[in-house]
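Inspection log for the structure reproduced underneath, given as structure tokens.
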Amino acid sequence: MASISRKPKLWTVEQDDLLKQLVENHGSQTWPMICQEFLETSGVKRTPKQCRDRWVNNLRSEKNDAPWKEEEVMILFDNQSKYGNQWSIIAKEMKGRTENQIKNLFYSTIRRNIRKFNKGKLDLERIKFKSLSILENQEIRNILTTRKSISKNFFLKTFLTKEAVNVIQSQFSQQQSTVCTENKTNYLALPEMNFTTDDFYISDDSGSSNPTFESEDLLYDNDYTTLEFSDLLNNPIY
DNA sequence: AACCGTGTCAACCGCCAGATA
DNA sequence: TTATCTGGCGGTTGACACGGT
């Protein structure tokens with residue numbers, strides 16, 4: 001079956017002006033009427049849904065198009081943690097940012113960090129995204145909400161604990177999983193604890209087989225939760 | 001200069017709940 | 001009571017710009 005094209009149909013300034021005018025006349029609750037009048041006036045066919053989306057996402061309020069500040073991003077992730085994916089509620093707390101802007105930033109951050117984290121890792125070590133519920137695991141959340149400025153080393157040297165792997169696998173429990181038998185390398189996992197990416201840096205011991213995460217107060221090595229690949233083979237986790 | 005990967009944004013889509021006929 | 005309509009919302013897609021190689 002041929003896929004249906006969904007080429008976006010961009011709005012012109014004239015169309016925006018007309019839509020604003022119509023909303024002014026009829027209010028923002030009567031979209032079928034608005035889109036009918038829109039068609040009669042402009043000759044352009046837009047569905048009620050398209051009109052509403054355009055209004056809500058771009059025209060309704062004064063939109064802040066400035067690049068996101070670090071504080072805003074932190075507030076966004078705090079709010080997401082508090083309210084879940086209720087973007088409309090989050091948007092109300094973030095003046096000038098629309099629901100769409102907030103959603104876009106959130107998902108692009110998640111996607112970026114998944115890509116960075118998975119790069120160079122074996123299939124079993126990777127974060128597989130099915131739904132945002134995996135963020136309920138604090139460890140995965142810390143990885144996926146990491147800021148843009150964090151170094152590649154952070155992702156290279158960070159591995160999932162058994163518990164985090166379980167969380168991910170549970171989302172795919174209905175699917176057949178495969179076990180890679182080629183690599184017997186130990187998995188070095190982060191400790192199960194709350195931290196922010198400001199709390200530590202990765203020590204410069206690139207020649208060592210035991211990457212070390214350090215902070216001003218804490219020093220970790222692989223004495224803590226370490227997941228060995230042989231364990232996985234002997235005790236499948238799914 | 002060309003290509004590729006990545007990030008951002010607007011628009012689209014599908015689902016759900018409430019209102020109404 | 002049921003079917004249909006509508007608005008609201010979360011999640012996804014496609015286009016485009018930009019930077020790195």
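Each chain in the structure tokens gets a letter, A, B, ..., in the order shown, and its residues are numbered from 1; ligands are numbered from 1 in order too.
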
**Message:** Using only C-alpha atoms (C1' of nucleotides) and a cut-off of 12 Å, which residues of chain B sit close to chain A? Please list them as a PyMOL selection string.
**Reply:** chain B and resi 5-13

**Request:** Could you give me the residues within region 13-134 of chain A that DSSP places in helix (DSSP H, G or I), as a PyMOL selection string?
**Result:** chain A and resi 13-26+31-42+48-59+70-83+87-93+99-118+123-125+132-134

For chain C versus chain A, which residues have an atom no more than 12 Å away, and what is each residue's nearest atom pair and distance in Å rounded to one decimal, using only C-alpha atoms (C1' of nucleotides), chain-then-number order, as a Markdown table?
```
| residue | atom | partner | partner_atom | distance |
| --- | --- | --- | --- | --- |
| C:DC5 | C1' | A:Pro32 | CA | 10.3 |
| C:DT6 | C1' | A:Trp31 | CA | 8.5 |
| C:DG7 | C1' | A:Gln29 | CA | 7.7 |
| C:DG8 | C1' | A:Ser88 | CA | 9.5 |
| C:DC9 | C1' | A:Ser88 | CA | 7.7 |
| C:DG10 | C1' | A:Asn85 | CA | 7.4 |
| C:DG11 | C1' | A:Lys103 | CA | 8.9 |
| C:DT12 | C1' | A:Tyr107 | CA | 10.2 |
| C:DT13 | C1' | A:Arg6 | CA | 8.2 |
| C:DG14 | C1' | A:Lys7 | CA | 6.8 |
| C:DA15 | C1' | A:Pro8 | CA | 8.2 |
```

What does the file look like for those residues with C-alpha atoms (C1' of nucleotides), as an mmCIF file, in the first residue's frame?
```cif
data_model
loop_
_atom_site.group_PDB
_atom_site.id
_atom_site.type_symbol
_atom_site.label_atom_id
_atom_site.label_comp_id
_atom_site.auth_asym_id
_atom_site.auth_seq_id
_atom_site.Cartn_x
_atom_site.Cartn_y
_atom_site.Cartn_z
ATOM 1 C "C1'" DC C 5 -19.519 15.961 16.328
ATOM 2 C "C1'" DT C 6 -16.107 18.808 18.326
ATOM 3 C "C1'" DG C 7 -12.295 20.432 21.015
ATOM 4 C "C1'" DG C 8 -8.255 19.250 23.495
ATOM 5 C "C1'" DC C 9 -4.103 17.144 23.828
ATOM 6 C "C1'" DG C 10 0.022 14.068 23.373
ATOM 7 C "C1'" DG C 11 2.952 12.124 20.153
ATOM 8 C "C1'" DT C 12 5.043 11.921 15.370
ATOM 9 C "C1'" DT C 13 6.662 13.440 10.940
ATOM 10 C "C1'" DG C 14 8.785 16.162 7.333
ATOM 11 C "C1'" DA C 15 11.240 20.233 5.873
#
```
